[in-house]
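Novice: Pasting in a structure now, in structure tokens, and then I'll have a few things to ask.
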Amino acid sequence: MSTTHRPEVGTPSADRAARLAVTVFPILVIVAGVLGFLLPDAIAPLGQAVPWLLGVVMFGMGLTLTLPDFSRILKRPWMVLIGVVLQYLIMPLTAWLIVLVLQLPAELAAGVILVGCAPGGTASNVVTYLSRGDTALSVTVTTCSTLLAPVLTPLLTLWLAGQFLEVPFASMMISILQTVLLPVVAGLVVRLLLRRWVERAQPALPWVSTIAIALIVAAVVAGSADRIVEAGLLVFLAVFLHNGFGLLLGYLAAMGLRMSQRERRAIAIEVGMQNSGLAASLAAAHFSPLAALPAAVFSVWHNLSGAIFAMVMGRRPVTDE
């Protein structure tokens with residue numbers, strides 16, 4: 001999933017906000033999922049608002065982007081390219097292999113693969129900061145993978161999930177343009193035009209995003225509540241393996257490419273943490289509520305695993321600082 005807080009290294013207020021994001025956010029998402037499961041009839045109608053809620057999240061991401069975020073691409077183009085390639089290589093292929101090994105039903109298989117084909121979530125920026133990783137690299141890779149999502153996400157999903165379900169490439173691409181790219185660009189424009197207003201509103205943005213994401217999770221879980229008991233353990237296993245291998249393979253790949261320790265941490269987190277809000281929205285709109293279930297579970301788990309990763313790595317020294 002995504003939160004809209006962009007940590008600024010070295011400021012106590014940013015540190016407090018970042019720690020709050022990785023502690024309170026998973027709890028709210030879990031509560032939302034439980035409510036969706038217990039009150040499906042009351043919450044399921046919210047499913048129609050999922051694309052709009054995701055648009056709110058991505059608009060918030062756009063509000064946090066600055067021109068230096070894009071200038072970093074020019075300063076380290078190869079490093080950013082490597083991060084984006086690893087993001088769109090490791091997670092889609094890992095998802096496909098997990099689906100085959102676990103022999104998941106078609107709808108769940110498509111949902112897991114769709115999570116793998118999504119861009120990185122901006123919560124990864126917070127986790128990278130707490131892990132003492134390269135936050136600037138994390139922000140830049142997230143931004144680039146998000147801007148490339150309208151083409152790469154439906155293309156990779158068509159390639160890997162087409163054998164399980166019919167994948168509507170064109171309509172999926174249009175959905176991503178509407179719910180991701182346009183809101184991000186709109187947020188960026190608003191920040192450029194109303195910079196002082198946006199800066200005053202910054203403390204509230206993570207909470208707006210968090211509430212929107214929690215509502216998405218509640219809606220997705222409510223839509224497939226009757227199937228969760230049947231498919232729950234299998235989905236949890238798939239998500240656990242997917243996220244775990246993403247973190248591990250991302251770190252090992254960065255190590256193999258002789259990146260610094262701070263860069264390895266950033267790449268590992270970028271690869272392992274996905275924009276599962278986007279995956280849930282696309283799955284619910286183009287496949288089925290059941291196909292959206294892996295994304296809902298992923299949204300809970302990757303924030304918990306990210307918090308654990310940050311706690312472990314944040315206590316380890318960084319010898320190349």
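FYI, nothing fancy with the structure tokens labels: chains A, B, ... in order, residues from 1 per chain, ligands from 1 as they appear.
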Env of Asp134 in chain A: 7 Å cut, atoms = only C-alpha atoms, seq-sep filter 3 positions within chain, self excluded. Answer as a PyMOL selection string.
Specialist: chain A and resi 128+137-138+262-263+266
Novice: Find the residues around Leu89 in chain A up to 12 Å (only C-alpha atoms counted), leave out those fewer than 4 positions away in its own chain, and share them as a VMD selection string.
Specialist: chain A and resid 81 to 85 93 to 96 113 116 to 119 145 152 to 153 156 160 246 249 to 250 253 271 to 272
Novice: Please provide the set of residues having any atom within 12 Å of Leu158 in chain A, restricted to only C-alpha atoms, with same-chain residues fewer than 6 positions apart removed, written as a CSV table (one decimal) with N, CA, C and O atoms, in the first residue's frame.
Specialist:
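The result, written out as around-v7.csv:
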```
chain,number,residue,atom,x,y,z
A,92,PRO,N,7.1,-9.7,-10.3
A,92,PRO,CA,6.2,-10.4,-11.2
A,92,PRO,C,6.6,-11.9,-11.4
A,92,PRO,O,5.7,-12.8,-11.4
A,96,TRP,N,4.6,-15.3,-10.2
A,96,TRP,CA,4.2,-16.4,-11.2
A,96,TRP,C,4.7,-17.7,-10.7
A,96,TRP,O,3.9,-18.7,-10.8
A,110,ALA,N,-4.4,-14.9,-10.5
A,110,ALA,CA,-4.4,-13.6,-11.1
A,110,ALA,C,-4.2,-12.4,-10.1
A,110,ALA,O,-3.4,-11.5,-10.4
A,113,ILE,N,-0.4,-12.4,-9.0
A,113,ILE,CA,0.4,-11.9,-10.1
A,113,ILE,C,0.2,-10.4,-10.3
A,113,ILE,O,1.2,-9.6,-10.5
A,114,LEU,N,-1.0,-9.9,-10.1
A,114,LEU,CA,-1.3,-8.5,-10.3
A,114,LEU,C,-0.6,-7.7,-9.2
A,114,LEU,O,-0.1,-6.6,-9.5
A,117,CYS,N,2.9,-7.3,-10.3
A,117,CYS,CA,3.1,-6.4,-11.4
A,117,CYS,C,2.9,-4.9,-11.1
A,117,CYS,O,3.0,-4.1,-12.0
A,151,VAL,N,1.7,1.4,-18.4
A,151,VAL,CA,2.1,0.5,-19.5
A,151,VAL,C,2.6,-0.9,-18.9
A,151,VAL,O,2.1,-1.9,-19.4
A,152,LEU,N,3.5,-0.8,-18.0
A,152,LEU,CA,4.1,-2.1,-17.5
A,152,LEU,C,3.2,-3.0,-16.7
A,152,LEU,O,3.3,-4.2,-16.9
A,164,PHE,N,-4.4,-17.8,-16.9
A,164,PHE,CA,-5.4,-18.1,-15.8
A,164,PHE,C,-6.7,-17.4,-16.1
A,164,PHE,O,-7.8,-18.1,-15.9
A,165,LEU,N,-6.7,-16.2,-16.5
A,165,LEU,CA,-7.9,-15.4,-16.7
A,165,LEU,C,-7.7,-14.5,-17.9
A,165,LEU,O,-6.6,-14.1,-18.2
A,166,GLU,N,-8.8,-14.1,-18.5
A,166,GLU,CA,-8.7,-13.1,-19.6
A,166,GLU,C,-8.3,-11.7,-19.0
A,166,GLU,O,-8.9,-11.3,-18.0
A,167,VAL,N,-7.2,-11.1,-19.5
A,167,VAL,CA,-6.7,-9.9,-19.0
A,167,VAL,C,-7.1,-8.7,-19.9
A,167,VAL,O,-6.6,-8.7,-21.0
A,168,PRO,N,-8.0,-7.8,-19.5
A,168,PRO,CA,-8.3,-6.7,-20.4
A,168,PRO,C,-7.3,-5.6,-20.4
A,168,PRO,O,-7.3,-4.6,-19.6
A,169,PHE,N,-6.3,-5.8,-21.3
A,169,PHE,CA,-5.1,-4.9,-21.3
A,169,PHE,C,-5.5,-3.4,-21.4
A,169,PHE,O,-5.1,-2.5,-20.6
A,170,ALA,N,-6.3,-3.1,-22.4
A,170,ALA,CA,-6.6,-1.7,-22.7
A,170,ALA,C,-7.4,-1.0,-21.6
A,170,ALA,O,-7.0,0.1,-21.1
A,171,SER,N,-8.4,-1.7,-21.1
A,171,SER,CA,-9.2,-1.1,-20.0
A,171,SER,C,-8.4,-1.0,-18.7
A,171,SER,O,-8.6,0.0,-17.9
A,172,MET,N,-7.5,-1.9,-18.5
A,172,MET,CA,-6.7,-1.9,-17.3
A,172,MET,C,-5.7,-0.7,-17.4
A,172,MET,O,-5.5,0.0,-16.4
A,173,MET,N,-5.2,-0.5,-18.6
A,173,MET,CA,-4.3,0.7,-18.8
A,173,MET,C,-5.0,2.0,-18.5
A,173,MET,O,-4.5,2.9,-17.9
```
Novice: One number please: CA of Ile27 in chain A to CA of Val300 in chain A, in Å, one decimal.
Specialist: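 Result for CA of Ile27 in chain A versus CA of Val300 in chain A: 8.4 Å, one decimal.
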Novice: Could you write out, as an MDAnalysis selection string, all the residues of range 103-180 of chain A that DSSP marks as alpha helix (DSSP H)?
Specialist: chainID A and resid 106:117 123:130 135:161 169:176
Novice: Trp301 in chain A: which residues within 9 Å, counting only C-alpha atoms, same-chain residues fewer than 3 positions away excluded, as a PDB file with C-alpha atoms, in the first residue's frame?
Specialist:
```
ATOM      1  CA  PRO A  26      -0.740  -1.540   9.895  1.00  0.00           C
ATOM      2  CA  PHE A 236      -1.551 -15.812   3.462  1.00  0.00           C
ATOM      3  CA  VAL A 239       1.645 -13.328   0.287  1.00  0.00           C
ATOM      4  CA  PHE A 240       4.215 -14.286   2.938  1.00  0.00           C
ATOM      5  CA  ASN A 243       6.929 -10.420   0.117  1.00  0.00           C
ATOM      6  CA  ALA A 296      -5.747  -6.826   0.667  1.00  0.00           C
ATOM      7  CA  VAL A 297      -3.674  -9.356   2.611  1.00  0.00           C
ATOM      8  CA  PHE A 298      -0.464  -8.018   1.079  1.00  0.00           C
ATOM      9  CA  LEU A 304       4.192  -5.361   9.201  1.00  0.00           C
ATOM     10  CA  SER A 305       7.210  -7.028   7.587  1.00  0.00           C
ATOM     11  CA  GLY A 306       8.484  -3.599   6.556  1.00  0.00           C
TER      12      GLY A 306
END
```
Novice: Rounded to one decimal, what separation in Å do you get between CA of Ala283 in chain A and CA of Leu237 in chain A?
Specialist: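 Taking CA of Ala283 in chain A and CA of Leu237 in chain A, their separation equals 19.1 Å.
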Novice: Please provide as a list in words all residues within 6 Å of range 214-220 of chain A, with the sequence filter that same-chain residues fewer than 6 positions apart are discarded (counting only C-alpha atoms).
Specialist: Val29, Ala32, Gly33, Gly36, Ile43, Ala44, Leu46, Gly47, Val50 and Ala296 of chain A
Novice: Using all heavy atoms, can you export the residues from the last selection as a JSON list (two decimals), in the first residue's frame?
Specialist:
```
[["chain", "number", "residue", "atom", "x", "y", "z"],
["A", 29, "VAL", "N", -5.12, -0.82, 9.21],
["A", 29, "VAL", "CA", -5.44, -1.69, 8.08],
["A", 29, "VAL", "C", -6.01, -3.02, 8.57],
["A", 29, "VAL", "O", -6.97, -3.55, 8.00],
["A", 29, "VAL", "CB", -4.20, -1.91, 7.20],
["A", 29, "VAL", "CG1", -4.47, -2.96, 6.13],
["A", 29, "VAL", "CG2", -3.79, -0.60, 6.52],
["A", 32, "ALA", "N", -9.53, -2.48, 9.74],
["A", 32, "ALA", "CA", -10.40, -2.32, 8.58],
["A", 32, "ALA", "C", -10.73, -3.67, 7.96],
["A", 32, "ALA", "O", -11.88, -3.94, 7.58],
["A", 32, "ALA", "CB", -9.75, -1.41, 7.55],
["A", 33, "GLY", "N", -9.71, -4.54, 7.86],
["A", 33, "GLY", "CA", -9.94, -5.87, 7.29],
["A", 33, "GLY", "C", -10.89, -6.70, 8.14],
["A", 33, "GLY", "O", -11.76, -7.39, 7.61],
["A", 36, "GLY", "N", -14.39, -5.45, 7.64],
["A", 36, "GLY", "CA", -14.89, -5.90, 6.35],
["A", 36, "GLY", "C", -15.34, -7.34, 6.37],
["A", 36, "GLY", "O", -16.34, -7.71, 5.74],
["A", 43, "ILE", "N", -20.48, -3.11, 4.42],
["A", 43, "ILE", "CA", -19.29, -2.46, 3.86],
["A", 43, "ILE", "C", -19.09, -2.75, 2.38],
["A", 43, "ILE", "O", -18.48, -1.95, 1.66],
["A", 43, "ILE", "CB", -18.03, -2.87, 4.66],
["A", 43, "ILE", "CG1", -18.18, -2.38, 6.12],
["A", 43, "ILE", "CG2", -16.76, -2.33, 4.06],
["A", 43, "ILE", "CD1", -17.05, -2.78, 7.03],
["A", 44, "ALA", "N", -19.62, -3.86, 1.89],
["A", 44, "ALA", "CA", -19.41, -4.25, 0.49],
["A", 44, "ALA", "C", -19.78, -3.15, -0.52],
["A", 44, "ALA", "O", -19.07, -2.99, -1.53],
["A", 44, "ALA", "CB", -20.17, -5.53, 0.18],
["A", 46, "LEU", "N", -19.17, -0.23, -0.48],
["A", 46, "LEU", "CA", -18.05, 0.70, -0.57],
["A", 46, "LEU", "C", -17.10, 0.34, -1.72],
["A", 46, "LEU", "O", -16.30, 1.17, -2.16],
["A", 46, "LEU", "CB", -17.28, 0.71, 0.76],
["A", 46, "LEU", "CG", -16.16, 1.74, 0.94],
["A", 46, "LEU", "CD1", -16.73, 3.15, 0.88],
["A", 46, "LEU", "CD2", -15.45, 1.50, 2.27],
["A", 47, "GLY", "N", -17.23, -0.90, -2.21],
["A", 47, "GLY", "CA", -16.37, -1.35, -3.29],
["A", 47, "GLY", "C", -16.44, -0.47, -4.53],
["A", 47, "GLY", "O", -15.47, -0.33, -5.27],
["A", 50, "VAL", "N", -13.78, 2.29, -4.53],
["A", 50, "VAL", "CA", -12.36, 1.93, -4.43],
["A", 50, "VAL", "C", -11.49, 2.72, -5.41],
["A", 50, "VAL", "O", -10.44, 3.26, -5.02],
["A", 50, "VAL", "CB", -12.16, 0.41, -4.59],
["A", 50, "VAL", "CG1", -10.69, 0.07, -4.84],
["A", 50, "VAL", "CG2", -12.66, -0.31, -3.34],
["A", 296, "ALA", "N", -5.32, -7.28, -0.66],
["A", 296, "ALA", "CA", -5.75, -6.83, 0.67],
["A", 296, "ALA", "C", -4.86, -7.42, 1.76],
["A", 296, "ALA", "O", -4.43, -6.72, 2.69],
["A", 296, "ALA", "CB", -7.20, -7.21, 0.91]]
```
Novice: Choose the residue, out of A:Phe37, A:Phe25, A:Tyr129, A:Phe59, that has the smallest atom-to-atom separation from Thr210 in chain A; count only C-alpha atoms.
Specialist: A:Phe25
Novice: Please determine, counting only C-alpha atoms, which residue among A:Pro183, A:Gly244, A:Pro203, A:Gly111 has the shortest atom-to-atom distance to Val57 in chain A.
Specialist: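 Among the listed residues, A:Pro183 lies closest to Val57 in chain A.
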Novice: Just want the 7 Å neighbourhood of Ser131 in chain A, counted on only C-alpha atoms, with same-chain residues fewer than 3 positions away dropped. Output as a list in words.
Specialist: Val127, Thr128, Ala310, Met311, Met313 and Gly314 of chain A
Novice: So which one's closest to Ala279 in chain A, A:Met61, A:Leu54, A:Leu67, A:Val190? Using only C-alpha atoms, please.
Specialist: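 Among the listed residues, A:Leu54 lies closest to Ala279 in chain A.
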Novice: Provide the CA of Ala280 in chain A to CA of Ser299 in chain A distance in Å, to one decimal place.
Specialist: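 Between CA of Ala280 in chain A and CA of Ser299 in chain A the gap is 9.1 Å.
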